[in-house]
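*Asks:* Provided herewith is a single structure, encoded as structure tokens, for subsequent inquiry.
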Amino acid sequence: MNLFQSLTNAMDTILDSDPTAGKDRVFNTPLSEQGIVGFGIGMAAAGATAIAEIQFADYIFPAFDQLVNEGAKFRYRSGNLFNCGSLTVRTPCGAVGHGAHYHSQSVESFFAHVPGLKVVIPRGPIQAKGLFLSSVRDKNPVIFLEPKILYRQAVEEVPVRDYEIPLSEAEILEEGSDVTVVGWGTQVHVLRDVCKMAKDQLGVSCELIDLQTILPWDEDTIIKSVMKTGRLLIAHEAPITGGFAAEISSTVQEHCFLALEAPIQRVCGWDTPFPHIFEPFYLPDKWRCFEAMKKLTSY
Amino acid sequence: MSRLSQERKMAASTWLVRAAFLRSRGKLSHLRTLPNAFKALRLSSSSSDAGAGRHQDKPRYPGISNSYFTEKLEFDDPDDGEAIPVYRVMDRNGKVFDEAHDPKLSKETLQDMYKKMTLLNTMDRILYESQRQGRISFYMTNYGEEGTHFGSAAGLLPEDVVLGQYREAGVLLWRGFTLDQCMNQCYANQFDLGKGRQMPVHYGSKDLNFVTISSTLATQMPQASGYGYALKRAGTGNCVICYFGEGAASEGDAHAAFNFAATLDAPVIFFCRNNGYAISTPTSDQYRGDGIAGRGRGYGMKAIRVDGNDVFAVYNVTKAAREIAVNQSKPVMVEAMTYRIGHHSTSDDSSVYRSLKEVNYWDKEDHPIGRLRQYMESKNWWDNELEEEWKRDARQQVMAAFAKAEKALKPPVKDMFTDVYDTLPSRLEKQYHECVDHIAKYPHEYPTELYAQDK
Ligand SMILES: Cc1ncc(C[n+]2csc(CCOP(=O)(O)OP(=O)(O)O)c2C)c(N)n1
């Protein structure tokens, strides 16, 4: 299955586990993101499992208020009398090569600033299904970001059975001793190439980590790795300023100060809107990451 | 005594009249012309009811101004009464019903309009195809909605400001946007006025008072209210026209736009292109009630529904709406009924959610261009010979602009960093240098040969 089929399969798993059949379970709504999310919060508060879909992450902002001021605080502000934990918001995100301003953005850091929300982003088909099932069953509202360029890219042996991948746990994809390399979503694939280039061309051993859950994030796995390697490279598509790499960098610096052999490197989108025709120069591609890798290892 | 005049006589309160009247409307089809009389009744209620003692006791609540008390428990029922009618001038074959409503546009004007409508059609076909061939990244056609574009554009002054959605390329063509300018934008080349930053069809022109398109739906709508308000204060005598789809009308921004324009008396024409679908969502899943025009009353706004495939009707309506907006400083709601004949965009396959038969009906039997052509033929202002000649000419023009735009270099990389702010902040300037230094280090990994040099 590709990532798209894997998520459809996960949706089927959820729908099949609910005995109430009917057309009123899966439906079109009027075109209003604030409506879609607010409606989802209401359904979740009433005890239903609600999966809301926003066509593109770039269009989630009309629902920002519902997510930030409502969904995230429903439990806290009511003294846990009420909650909307059974809400999951699905939305496609990230660069696709031609999406320009409004079909390309990575929005994770906006929501990473909101206690009460969980933010999840899979790197491939197998993770997508397991993380999605965990997100839907998690007792907190989850924003599930789907890197849309991956929908039809790779095919993996996705188990047809029901399985979960725990939230808030990063996954170490490759163990290594010289540099810790952290990314999520599409960027994991770029970084995999970079790790290979580092090994082949620089003789550098990288430890590649997929963060998977942006909030609440798994700082222990990253810190442990950097204590071992002494070097950290983080990359994401979103603009560098205020991006989630900043949070990771700062936390690691606090915990690993004496273990660091070089300044932490962040390779990210520039501080501009996501530009159409300039996308090749905008992205933290493997050449930019490789350059950062060289800096890290020659410091 | 007709049923209606009986009802007028016994009007104890306009509310009762309204209810009774509405109940009867369904049965008495000849009452179609009566809404105005009915409105007059409703407005005069305060004076004509003076005799009925208890109705002198008027509600004093600050939240209402023109209501009255009733002792009858009755809900206002949207299912009572008739829908707002669809104003038209021509029938489906381009025959004018009532000469008085023929805007009598000159032969030259109509030939110009017809040529631009078909030019848009030709451009749409070629750009759609070029996306299929991977030469541009995306495209949206305007098929079937040409009547709404040209009818409305012609009913405005060039100084009136346009805030559009994305499917209004005809409005730009009417104002003088050139094929070259369209193509440059779609190819994101160095001559694109938007500097290659947005997807195709996100046109804009300061000279033509057309604010650059944004993909995010309905965001332009409250902006239109603000723009109109500022125009009013500046006293230029102009209005804003805000185009939007019936899907976008569901966004929260649409509500804010209507309410702001109404309460702040902003000269804005809210022009809805109701083309039946928001991508795959049919109008039946989009709203209840009497469409978009039906909302006007709720916002305290004049509203009209028009046959969007009748370019004369759209023209008349826009002109009249403009009068209200500018002379009375009030927003107006226009709902133009039309049909999106093309797929939503190059990312859509509409055969999944609608039948070819349905699409064919609009393409073959009720097309705005066809209607105009029949009208012109009836006046001997157009014929097959002119058509053939123009078809060739139009195609040539489009192909020439297309080839030119395709060849042009992309904008310089520096344009990625400028205009984020009015001036380049130092942090961003450092990023720019980091970017060009990096490209210089890895010259073979970047398609720099396709881009103009930084100055
Ligand atoms: C805020 C926002 N949500 C979703 C979208 C994705 N989208 C683009 S066009 C469209 C349908 C709009 O339909 P309508 O307003 O009826 O205009 P039409 O395309 O029919 O002309 C949608 C859902 C968007 N661009 N912006």
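Going by the structure tokens order, chains are called A, B, ..., each with residues numbered from 1, while ligands are numbered from 1 in the order shown.
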Find the residues of chain A in contact range of chain B, meaning any atom within 9 Å when counting only C-alpha atoms, and list them as a PyMOL selection string.
*Replies:* chain A and resi 28-35+58-59+62+97-103+270-278+280-282+287-288+291
*Asks:* Quick check for you: according to DSSP on this backbone, which residues of range 36-271 of chain A are classed as strand (DSSP E or B)? Reply as number ranges by chain.
*Replies:* A: 50-53, 87-93, 118-120, 142-147, 171-174, 179-183, 206-210, 213-215, 232-239, 265-269
*Asks:* Convert the current residue selection to file output with C-alpha atoms, as a PDB file, in the first residue's frame.
*Replies:*
```
ATOM      1  CA  ALA A  50     -14.794  12.564  15.078  1.00  0.00           C
ATOM      2  CA  ILE A  51     -12.346  12.642  12.191  1.00  0.00           C
ATOM      3  CA  ALA A  52     -12.342  16.030  10.533  1.00  0.00           C
ATOM      4  CA  GLU A  53     -10.624  16.607   7.234  1.00  0.00           C
ATOM      5  CA  LEU A  87     -11.280  14.478  17.717  1.00  0.00           C
ATOM      6  CA  THR A  88      -8.623  13.923  15.059  1.00  0.00           C
ATOM      7  CA  VAL A  89      -8.008  16.486  12.352  1.00  0.00           C
ATOM      8  CA  ARG A  90      -6.439  15.121   9.176  1.00  0.00           C
ATOM      9  CA  THR A  91      -4.770  17.449   6.720  1.00  0.00           C
ATOM     10  CA  PRO A  92      -2.241  17.164   3.864  1.00  0.00           C
ATOM     11  CA  CYS A  93       0.861  19.296   4.252  1.00  0.00           C
ATOM     12  CA  LYS A 118      -1.056  16.656  19.848  1.00  0.00           C
ATOM     13  CA  VAL A 119       0.675  16.999  16.509  1.00  0.00           C
ATOM     14  CA  VAL A 120       1.652  13.924  14.519  1.00  0.00           C
ATOM     15  CA  VAL A 142      -4.727  15.322  17.512  1.00  0.00           C
ATOM     16  CA  ILE A 143      -3.697  17.165  14.375  1.00  0.00           C
ATOM     17  CA  PHE A 144      -2.539  14.534  11.930  1.00  0.00           C
ATOM     18  CA  LEU A 145      -0.383  16.076   9.212  1.00  0.00           C
ATOM     19  CA  GLU A 146      -0.010  14.063   6.017  1.00  0.00           C
ATOM     20  CA  PRO A 147       2.970  14.900   3.776  1.00  0.00           C
ATOM     21  CA  GLU A 171      12.049   6.304  16.071  1.00  0.00           C
ATOM     22  CA  ILE A 172      15.746   5.715  15.521  1.00  0.00           C
ATOM     23  CA  LEU A 173      16.009   4.652  11.880  1.00  0.00           C
ATOM     24  CA  GLU A 174      19.752   4.279  11.669  1.00  0.00           C
ATOM     25  CA  VAL A 179      26.098  13.051  14.185  1.00  0.00           C
ATOM     26  CA  THR A 180      22.468  12.912  15.295  1.00  0.00           C
ATOM     27  CA  VAL A 181      20.151  13.815  12.408  1.00  0.00           C
ATOM     28  CA  VAL A 182      16.528  14.687  13.190  1.00  0.00           C
ATOM     29  CA  GLY A 183      13.592  15.244  10.870  1.00  0.00           C
ATOM     30  CA  CYS A 206      24.968   9.335  11.436  1.00  0.00           C
ATOM     31  CA  GLU A 207      22.154   8.452  13.776  1.00  0.00           C
ATOM     32  CA  LEU A 208      18.918   9.215  11.930  1.00  0.00           C
ATOM     33  CA  ILE A 209      15.822   9.913  14.018  1.00  0.00           C
ATOM     34  CA  ASP A 210      12.224  10.423  12.866  1.00  0.00           C
ATOM     35  CA  THR A 213       5.140  13.292  17.077  1.00  0.00           C
ATOM     36  CA  ILE A 214       5.860  17.014  17.204  1.00  0.00           C
ATOM     37  CA  LEU A 215       3.820  17.611  20.341  1.00  0.00           C
ATOM     38  CA  LEU A 232      23.028  17.576  15.953  1.00  0.00           C
ATOM     39  CA  LEU A 233      21.492  18.459  12.604  1.00  0.00           C
ATOM     40  CA  ILE A 234      17.774  19.232  12.404  1.00  0.00           C
ATOM     41  CA  ALA A 235      15.948  19.951   9.156  1.00  0.00           C
ATOM     42  CA  HIS A 236      12.400  20.947   8.230  1.00  0.00           C
ATOM     43  CA  GLU A 237      10.615  22.623   5.345  1.00  0.00           C
ATOM     44  CA  ALA A 238       8.934  25.330   7.422  1.00  0.00           C
ATOM     45  CA  PRO A 239      10.715  28.695   7.754  1.00  0.00           C
ATOM     46  CA  GLN A 265      22.830  23.043  12.699  1.00  0.00           C
ATOM     47  CA  ARG A 266      19.340  23.859  11.522  1.00  0.00           C
ATOM     48  CA  VAL A 267      18.576  23.523   7.815  1.00  0.00           C
ATOM     49  CA  CYS A 268      15.099  24.850   7.041  1.00  0.00           C
ATOM     50  CA  GLY A 269      12.981  26.875   4.661  1.00  0.00           C
TER      51      GLY A 269
END
```
*Asks:* If we count only C-alpha atoms and set the cut-off at 8 Å, which residues sit around Glu219 in chain A, ignoring sequence neighbours fewer than 3 positions away in its own chain? Please answer as a ChimeraX atom specification.
*Replies:* /A:222-223,248,251
*Asks:* Give me the residues within 8 Å of Ala336 in chain B as number ranges by chain, counting only C-alpha atoms and dropping any in the same chain fewer than 4 places off.
*Replies:* B: 148, 271-274, 305-308, 314
*Asks:* Can you list, as a ChimeraX atom specification, every residue of range 138-302 of chain B that DSSP puts in helix (DSSP H, G or I)?
*Replies:* /B:146-154,169-175,179-186,220-234,248-250,252-263,283-286,295-299
